[in-house]
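**Student:** I am sharing work_34.tsv, which consists of TSV, C-alpha atoms and all ligand atoms:
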chain	number	residue	atom	x	y	z
M	182	MET	CA	14.81	-9.21	4.90
M	183	THR	CA	13.94	-6.11	6.91
M	184	GLY	CA	13.57	-7.55	10.42
M	185	ARG	CA	9.99	-6.28	10.41
M	186	PRO	CA	7.14	-8.70	11.07
M	187	VAL	CA	5.58	-10.33	8.02
M	188	VAL	CA	1.89	-10.81	7.33
M	189	LEU	CA	0.42	-12.93	4.55
M	190	ILE	CA	-3.01	-11.75	3.43
M	191	THR	CA	-4.95	-14.16	1.24
M	192	GLY	CA	-7.26	-12.31	-1.12
M	193	GLY	CA	-5.37	-9.10	-0.40
M	194	SER	CA	-5.83	-7.43	-3.78
M	195	ARG	CA	-9.25	-5.91	-3.14
M	196	GLY	CA	-11.86	-5.17	-0.47
M	197	ILE	CA	-11.16	-6.03	3.15
M	198	GLY	CA	-7.84	-7.73	2.37
M	199	ALA	CA	-6.52	-4.65	0.57
M	200	ALA	CA	-7.55	-2.44	3.49
M	201	VAL	CA	-5.68	-4.77	5.86
M	202	ALA	CA	-2.60	-4.58	3.62
M	203	ARG	CA	-2.57	-0.76	3.69
M	204	LYS	CA	-3.05	-0.52	7.46
M	205	ALA	CA	-0.58	-3.33	8.22
M	206	ALA	CA	2.11	-1.60	6.16
M	207	ASP	CA	1.34	1.70	7.94
M	208	GLN	CA	1.78	-0.08	11.27
M	209	GLY	CA	5.18	-1.56	10.44
M	210	TRP	CA	4.39	-4.90	8.85
M	211	ASP	CA	5.93	-6.25	5.66
M	212	VAL	CA	3.11	-7.60	3.53
M	213	LEU	CA	2.65	-10.47	1.09
M	214	ILE	CA	-0.51	-9.83	-0.89
M	215	ASN	CA	-2.14	-12.87	-2.48
M	216	TYR	CA	-4.57	-12.56	-5.39
M	217	VAL	CA	-6.20	-15.07	-7.68
M	218	ALA	CA	-7.10	-13.17	-10.88
M	219	ARG	CA	-6.65	-9.40	-10.55
M	220	LYS	CA	-2.90	-9.07	-10.81
M	221	GLU	CA	-3.11	-5.39	-11.68
M	222	ALA	CA	-5.14	-4.54	-8.57
M	223	ALA	CA	-2.60	-6.39	-6.43
M	224	GLN	CA	0.35	-4.68	-8.12
M	225	VAL	CA	-1.17	-1.19	-7.82
M	226	LEU	CA	-1.70	-1.80	-4.10
M	227	ALA	CA	1.84	-3.13	-3.60
M	228	ASP	CA	3.25	-0.11	-5.46
M	229	GLU	CA	1.19	2.19	-3.23
M	230	VAL	CA	2.59	0.52	-0.09
M	231	GLN	CA	6.16	0.68	-1.44
M	232	ALA	CA	5.74	4.37	-2.32
M	233	ALA	CA	4.68	5.02	1.28
M	234	GLY	CA	7.89	3.40	2.51
M	235	GLY	CA	6.63	-0.10	3.32
M	236	ARG	CA	7.48	-3.45	1.79
M	237	ALA	CA	4.79	-5.30	-0.14
M	238	GLU	CA	4.99	-8.11	-2.67
M	239	ILE	CA	2.30	-9.96	-4.57
M	240	VAL	CA	1.74	-13.64	-5.28
M	241	GLN	CA	-0.83	-15.35	-7.47
M	242	GLY	CA	-2.50	-18.44	-6.06
M	243	ASP	CA	-5.97	-19.94	-5.81
M	244	THR	CA	-6.52	-20.80	-2.14
M	245	GLY	CA	-9.16	-23.30	-3.23
M	246	THR	CA	-6.42	-25.54	-4.64
M	247	GLU	CA	-3.38	-27.35	-3.24
M	248	ALA	CA	-1.18	-25.99	-6.04
M	249	GLY	CA	-2.28	-22.43	-5.30
M	250	ILE	CA	-1.55	-22.74	-1.59
M	251	ALA	CA	1.84	-24.34	-2.29
M	252	ALA	CA	2.75	-21.45	-4.61
M	253	ILE	CA	1.73	-18.84	-2.02
M	254	PHE	CA	3.79	-20.35	0.80
M	255	ALA	CA	6.77	-21.06	-1.48
M	256	ALA	CA	6.80	-17.35	-2.38
M	257	LEU	CA	6.56	-16.43	1.30
M	258	ASP	CA	9.53	-18.64	2.21
M	259	GLU	CA	11.68	-17.47	-0.69
M	260	ARG	CA	10.98	-13.76	-0.53
M	261	PHE	CA	10.39	-13.11	3.18
M	262	GLY	CA	11.77	-16.15	5.04
M	263	ARG	CA	9.45	-15.66	8.00
M	264	LEU	CA	5.77	-15.43	8.95
M	265	ASP	CA	4.29	-13.57	11.90
M	266	ALA	CA	0.62	-13.39	10.96
M	267	LEU	CA	-1.80	-14.95	8.50
M	268	VAL	CA	-4.95	-13.07	7.55
M	269	ASN	CA	-7.07	-15.90	6.22
M	270	ASN	CA	-9.28	-13.63	4.18
M	271	ALA	CA	-9.92	-15.00	0.66
M	272	GLY	CA	-13.58	-15.88	0.33
M	273	VAL	CA	-16.38	-16.00	-2.21
M	274	VAL	CA	-20.15	-15.88	-2.42
M	275	ASP	CA	-22.17	-17.13	-5.38
M	276	GLN	CA	-25.36	-16.08	-7.13
M	277	THR	CA	-28.46	-15.79	-4.98
M	278	GLU	CA	-30.27	-19.15	-5.04
M	279	ARG	CA	-32.41	-21.35	-2.86
M	280	VAL	CA	-30.86	-24.48	-1.37
M	281	GLU	CA	-32.73	-26.87	-3.69
M	282	ASP	CA	-31.16	-25.12	-6.69
M	283	PHE	CA	-27.52	-25.34	-5.56
M	284	SER	CA	-25.38	-27.44	-7.89
M	285	ARG	CA	-22.72	-29.81	-6.63
M	286	GLU	CA	-20.11	-27.70	-8.48
M	287	ARG	CA	-21.23	-24.57	-6.66
M	288	LEU	CA	-20.87	-26.25	-3.27
M	289	ASP	CA	-17.50	-27.78	-4.14
M	290	ARG	CA	-16.11	-24.35	-5.12
M	291	MET	CA	-17.63	-22.55	-2.13
M	292	PHE	CA	-16.29	-25.02	0.43
M	293	ALA	CA	-12.92	-25.46	-1.34
M	294	ILE	CA	-12.19	-21.74	-1.04
M	295	ASN	CA	-14.11	-20.68	2.08
M	296	VAL	CA	-13.39	-23.67	4.31
M	297	ILE	CA	-10.78	-26.16	3.05
M	298	GLY	CA	-8.51	-23.44	1.67
M	299	LYS	CA	-8.60	-21.55	4.97
M	300	ILE	CA	-7.85	-24.72	6.94
M	301	ARG	CA	-4.97	-25.61	4.61
M	302	CYS	CA	-3.51	-22.07	4.77
M	303	ALA	CA	-3.78	-22.13	8.58
M	304	ALA	CA	-1.95	-25.48	8.59
M	305	GLU	CA	0.91	-24.00	6.56
M	306	ALA	CA	1.04	-21.04	8.93
M	307	VAL	CA	1.12	-23.30	12.00
M	308	ARG	CA	4.02	-25.27	10.48
M	309	ARG	CA	6.00	-22.04	10.24
M	310	MET	CA	4.93	-20.23	13.44
M	311	SER	CA	4.38	-22.91	16.10
M	312	THR	CA	7.09	-23.21	18.75
M	313	LYS	CA	6.44	-26.95	18.47
M	314	HIS	CA	7.92	-26.76	14.97
M	315	GLY	CA	10.76	-24.38	15.91
M	316	GLY	CA	8.83	-21.20	15.08
M	317	GLN	CA	8.58	-17.93	17.00
M	318	GLY	CA	4.79	-17.87	17.43
M	319	GLY	CA	2.37	-15.54	15.68
M	320	SER	CA	-1.31	-15.07	15.00
M	321	ILE	CA	-4.03	-16.08	12.59
M	322	VAL	CA	-7.11	-14.00	11.86
M	323	ASN	CA	-9.90	-15.79	10.00
M	324	LEU	CA	-12.55	-13.84	8.09
M	325	SER	CA	-15.90	-15.31	9.03
M	326	SER	CA	-19.20	-13.44	8.56
M	327	MET	CA	-22.37	-12.49	10.42
M	328	ALA	CA	-23.92	-14.88	7.90
M	329	ALA	CA	-22.71	-17.65	10.21
M	330	ILE	CA	-25.29	-16.44	12.75
M	331	ILE	CA	-28.02	-15.14	10.43
M	332	GLY	CA	-27.93	-18.03	7.89
M	333	SER	CA	-28.54	-15.88	4.78
M	334	PRO	CA	-31.89	-17.50	3.82
M	335	GLY	CA	-32.92	-17.02	0.21
M	336	GLN	CA	-29.49	-15.64	-0.69
M	337	TYR	CA	-26.64	-18.05	0.02
M	338	VAL	CA	-27.19	-20.48	2.86
M	339	ASP	CA	-24.13	-22.41	1.62
M	340	TYR	CA	-21.94	-19.36	2.18
M	341	ALA	CA	-23.41	-18.92	5.67
M	342	ALA	CA	-22.70	-22.59	6.45
M	343	SER	CA	-19.10	-22.19	5.24
M	344	LYS	CA	-18.69	-19.29	7.68
M	345	GLY	CA	-20.20	-21.34	10.50
M	346	ALA	CA	-17.44	-23.87	9.82
M	347	ILE	CA	-14.85	-21.11	10.11
M	348	ASP	CA	-16.21	-20.07	13.52
M	349	THR	CA	-15.86	-23.63	14.81
M	350	PHE	CA	-12.45	-24.04	13.20
M	351	THR	CA	-11.27	-20.83	14.89
M	352	VAL	CA	-12.30	-22.06	18.34
M	353	GLY	CA	-10.77	-25.51	17.87
M	354	LEU	CA	-7.49	-24.40	16.34
M	355	SER	CA	-7.06	-21.65	18.92
M	356	LYS	CA	-7.10	-24.25	21.69
M	357	GLU	CA	-4.89	-26.67	19.75
M	358	VAL	CA	-2.04	-24.15	19.33
M	359	ALA	CA	-2.53	-21.83	22.32
M	360	ALA	CA	0.47	-23.28	24.16
M	361	GLU	CA	2.63	-23.01	21.02
M	362	GLY	CA	2.74	-19.21	20.74
M	363	ILE	CA	-0.07	-18.86	18.21
M	364	ARG	CA	-3.26	-16.89	18.77
M	365	VAL	CA	-6.20	-17.67	16.49
M	366	ASN	CA	-9.18	-15.34	16.24
M	367	ALA	CA	-11.92	-14.46	13.78
M	368	ILE	CA	-13.88	-11.44	12.65
M	369	ARG	CA	-17.52	-11.59	11.65
M	370	PRO	CA	-18.06	-8.63	9.31
M	371	GLY	CA	-21.64	-7.54	8.69
M	372	ILE	CA	-22.49	-5.91	5.38
M	373	ILE	CA	-19.33	-4.22	4.15
M	374	ASP	CA	-19.15	-2.06	1.04
M	375	THR	CA	-16.88	-4.14	-1.25
M	376	ASP	CA	-17.05	-5.85	-4.65
M	377	ILE	CA	-18.19	-9.14	-3.10
M	378	HIS	CA	-21.86	-8.18	-3.46
M	379	ALA	CA	-21.49	-7.59	-7.22
M	380	SER	CA	-19.81	-10.97	-7.53
M	381	GLY	CA	-22.99	-12.43	-6.00
M	382	GLY	CA	-25.12	-10.59	-8.56
M	383	ILE	CA	-26.37	-7.85	-6.18
M	384	PRO	CA	-24.06	-4.85	-6.78
M	385	ASP	CA	-26.15	-2.46	-4.66
M	386	ARG	CA	-26.64	-4.93	-1.77
M	387	ALA	CA	-24.59	-2.90	0.73
M	388	SER	CA	-26.53	0.35	0.27
M	389	ALA	CA	-29.88	-1.41	-0.27
M	390	MET	CA	-29.62	-3.17	3.10
M	391	ALA	CA	-28.65	-0.07	5.08
M	392	SER	CA	-32.05	0.24	6.76
M	393	ALA	CA	-31.78	-3.36	8.05
M	394	ILE	CA	-28.54	-2.52	9.88
M	395	PRO	CA	-28.99	-1.00	13.37
M	396	MET	CA	-26.35	1.65	12.57
M	397	GLN	CA	-28.26	2.35	9.33
M	398	ARG	CA	-25.22	2.07	7.06
M	399	PRO	CA	-22.92	-0.56	5.59
M	400	GLY	CA	-19.42	-0.84	6.98
M	401	GLN	CA	-16.25	0.18	5.21
M	402	ALA	CA	-13.39	-2.22	4.53
M	403	GLY	CA	-11.10	-0.08	6.67
M	404	GLU	CA	-13.37	-0.53	9.69
M	405	VAL	CA	-12.95	-4.31	9.41
M	406	ALA	CA	-9.22	-3.91	8.81
M	407	ASP	CA	-8.86	-1.96	12.08
M	408	ALA	CA	-10.29	-4.95	13.96
M	409	VAL	CA	-8.00	-7.36	12.09
M	410	LEU	CA	-4.97	-5.21	12.96
M	411	TYR	CA	-6.01	-5.16	16.60
M	412	LEU	CA	-6.19	-8.97	16.71
M	413	MET	CA	-2.76	-9.20	15.01
M	414	SER	CA	-1.21	-6.76	17.48
M	415	SER	CA	0.37	-7.16	20.89
M	416	GLN	CA	-2.62	-5.26	22.28
M	417	ALA	CA	-4.49	-8.55	21.79
M	418	SER	CA	-1.76	-10.62	23.48
M	419	TYR	CA	-4.27	-12.46	25.73
M	420	VAL	CA	-7.00	-12.78	23.09
M	421	THR	CA	-7.40	-16.14	21.41
M	422	GLY	CA	-10.43	-18.11	20.28
M	423	ALA	CA	-12.37	-14.84	20.06
M	424	ILE	CA	-14.87	-14.08	17.31
M	425	LEU	CA	-15.46	-10.35	17.00
M	426	ASN	CA	-18.57	-9.00	15.29
M	427	VAL	CA	-17.83	-5.92	13.16
M	428	SER	CA	-21.33	-5.41	11.90
M	429	GLY	CA	-22.89	-2.11	12.93
M	430	GLY	CA	-25.05	-4.02	15.41
M	431	ARG	CA	-26.54	-6.42	12.86
I	1	LIG	P1	-14.01	-9.05	-2.36
I	1	LIG	O1	-14.09	-7.56	-2.36
I	1	LIG	O2	-14.88	-9.83	-3.29
I	1	LIG	O3	-12.48	-9.44	-2.60
I	1	LIG	C1	-12.16	-10.80	-2.64
I	1	LIG	C2	-10.66	-10.95	-2.57
I	1	LIG	O4	-10.39	-12.36	-2.45
I	1	LIG	C3	-9.96	-10.47	-3.82
I	1	LIG	O5	-8.69	-10.00	-3.44
I	1	LIG	C4	-9.85	-11.75	-4.66
I	1	LIG	O6	-8.73	-11.75	-5.55
I	1	LIG	C5	-9.61	-12.77	-3.57
I	1	LIG	N1	-10.00	-14.13	-3.91
I	1	LIG	C6	-11.21	-14.61	-4.30
I	1	LIG	N2	-11.15	-15.93	-4.50
I	1	LIG	C7	-9.88	-16.30	-4.24
I	1	LIG	C8	-9.18	-17.52	-4.29
I	1	LIG	N3	-9.79	-18.67	-4.66
I	1	LIG	N4	-7.86	-17.54	-3.96
I	1	LIG	C9	-7.23	-16.41	-3.59
I	1	LIG	N5	-7.83	-15.21	-3.53
I	1	LIG	C10	-9.14	-15.16	-3.86
I	1	LIG	O7	-14.29	-9.65	-0.89
I	1	LIG	P2	-14.40	-8.91	0.54
I	1	LIG	O8	-15.75	-8.34	0.65
I	1	LIG	O9	-13.22	-8.07	0.76
I	1	LIG	O10	-14.37	-10.18	1.49
I	1	LIG	C11	-13.19	-10.62	2.14
I	1	LIG	C12	-13.57	-11.65	3.19
I	1	LIG	O11	-14.50	-11.08	4.10
I	1	LIG	C13	-14.24	-12.90	2.63
I	1	LIG	O12	-13.82	-14.04	3.36
I	1	LIG	C14	-15.71	-12.63	2.85
I	1	LIG	O13	-16.47	-13.82	2.96
I	1	LIG	C15	-15.66	-11.89	4.18
I	1	LIG	N6	-16.85	-11.08	4.43
I	1	LIG	C16	-17.17	-10.03	3.60
I	1	LIG	C17	-18.33	-9.31	3.87
I	1	LIG	C18	-18.78	-8.14	3.02
I	1	LIG	O14	-19.91	-7.68	3.19
I	1	LIG	N7	-17.95	-7.62	2.13
I	1	LIG	C19	-19.14	-9.67	4.94
I	1	LIG	C20	-18.79	-10.73	5.73
I	1	LIG	C21	-17.63	-11.43	5.47
I	1	LIG	P3	-8.82	-11.08	-7.04
I	1	LIG	O15	-8.76	-9.58	-6.83
I	1	LIG	O16	-7.60	-11.61	-7.73
I	1	LIG	O17	-10.11	-11.52	-7.64
Could you express the structure from this file as structure tokens?

**Tutor:**
Amino acid sequence: MTGRPVVLITGGSRGIGAAVARKAADQGWDVLINYVARKEAAQVLADEVQAAGGRAEIVQGDTGTEAGIAAIFAALDERFGRLDALVNNAGVVDQTERVEDFSRERLDRMFAINVIGKIRCAAEAVRRMSTKHGGQGGSIVNLSSMAAIIGSPGQYVDYAASKGAIDTFTVGLSKEVAAEGIRVNAIRPGIIDTDIHASGGIPDRASAMASAIPMQRPGQAGEVADAVLYLMSSQASYVTGAILNVSGGR
């Protein structure tokens, strides 16, 4: 135990989550980095943070499952013994398809990870941080998407709908726990240059869509991480229930 605040980042091994881990460690947070499959990416990141003088540990766990979430929070309790912020970041897209072609399995996976997993992780965080449960307060930052507003027609309307659910969840939970020391906010990234587009079968999506973005470029993971760190910080002490677009104007 270092006495420093602790942040759990789901899906922290790559992309936006990894950028949050680096910046959080720089700004004095101890970091628990969750990954699902890419252990090496998570370990390289944790080693990088440790080499820079921070504390970072990794934990495997699929946030789309109860067993995965239990493993993540058991590791948090054992290794850190406190929680000050949850970055509810793990999320997936799927291959580009029209709605009439979505399979039931696709929708079950998408909503298990993007919606139910985030709600279940937030519940575990509330149990540990709420003053109602003897905690010291804290904050939750949910990763939504501009897709919640745009709808992603012809690409992944299911993903967009899952992000719409996160927006509503953010507003509702923020009000539920506002008097218990917990702030709950969300970020809606626009098109950010990460691996997520390749996982949806469109590796060049970020650069290809640049001209459709008012700022004429995709965002970088670090630009989203800066907004996450702001919402986690005391500079945002009166901010809750907010959903911040980080989208280059899209
Ligand atoms: P990414 O580059 O594809 O990275 C995904 C991360 O989530 C990886 O660390 C991955 O772990 C982890 N992950 C995936 N499924 C998981 C699961 N079931 N359980 C635990 N971890 C899991 O994604 P990203 O672009 O950084 O996106 C992060 C968040 O921002 C997501 O919620 C996404 O919807 C949202 N977002 C992204 C964009 C964008 O343009 N990039 C735009 C709007 C919103 P492994 O390394 O182990 O695979």

**Student:** Find the residues around region 281-283 of chain M up to 12 Å (all atoms listed in the file counted), leave out those fewer than 2 positions away in its own chain, and share them as a list in words.

**Tutor:** Asp275, Gln276, Thr277, Glu278, Arg279, Arg285, Glu286, Arg287, Leu288, Asp289, Arg290, Met291, Gly335, Gln336, Tyr337, Val338, Asp339 and Tyr340 of chain M

**Student:** Would you compute the distance between atom C1 of ligand LIG 1 (chain I) and CA of Gly196 (chain M)? Give it in Å to one decimal.

**Tutor:**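 One can read the atom C1 of ligand LIG 1 (chain I) to CA of Gly196 (chain M) distance as 6.0 Å.
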
**Student:** CA of Gly422 (chain M) to CA of Thr351 (chain M): how many Å, to one decimal?

**Tutor:** 6.1 Å

**Student:** Could you list the protein, DNA and RNA residues that have any atom within 7 Å of ligand LIG 1 (chain I), counting only C-alpha atoms and all ligand atoms, and write them as a VMD selection string?

**Tutor:** chain M and resid 191 to 198 215 to 220 222 to 223 242 to 245 270 to 274 294 to 295 324 to 328 369 to 378 380 402

**Student:** Would you compute the box with edges along x, y and z of the file around region 215-233 of chain M, including every atom the file lists for it and 6 Å extra on each side, and give its centre and edge lengths in Å to one decimal, as AutoDock Vina command-line options?

**Tutor:**
--center_x -0.5 --center_y -5.0 --center_z -5.2 --size_x 25.3 --size_y 32.1 --size_z 25.0

**Student:** Which of these, M:Pro399, M:Gly318, M:Gly429, M:Gly209, has the shortest distance to Gly234 (chain M) once you count all atoms listed in the file?

**Tutor:**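 Selected residue with least distance to Gly234 (chain M): M:Gly209.
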
**Student:** Determine, counting only C-alpha atoms, which protein, DNA and RNA residues have an atom within 6 Å of an atom of Ile321 (chain M); residues of the same chain fewer than 5 positions away are not included. Present the result as a list in words.

**Tutor:** Ala266, Leu267, Val268 and Val365 of chain M

**Student:** In Å, how far is it from CA of Ser320 (chain M) to CA of Ala233 (chain M)?

**Tutor:**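 Separating CA of Ser320 (chain M) from CA of Ala233 (chain M) is a distance of 25.1 Å.
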
**Student:** Tell me which of M:Gly430, M:Gly184, M:Gly298, M:Pro395 sits closest to Ser343 (chain M), counting all atoms listed in the file.

**Tutor:** M:Gly298

**Student:** Compute the distance from (1.2, -21.7, 8.4) to each atom, counting only C-alpha atoms, keep the residues with any atom at most 10 Å away, and return them as a PyMOL selection string; use the coordinates of the file.

**Tutor:** chain M and resi 189+254+264-267+300-311+319-321
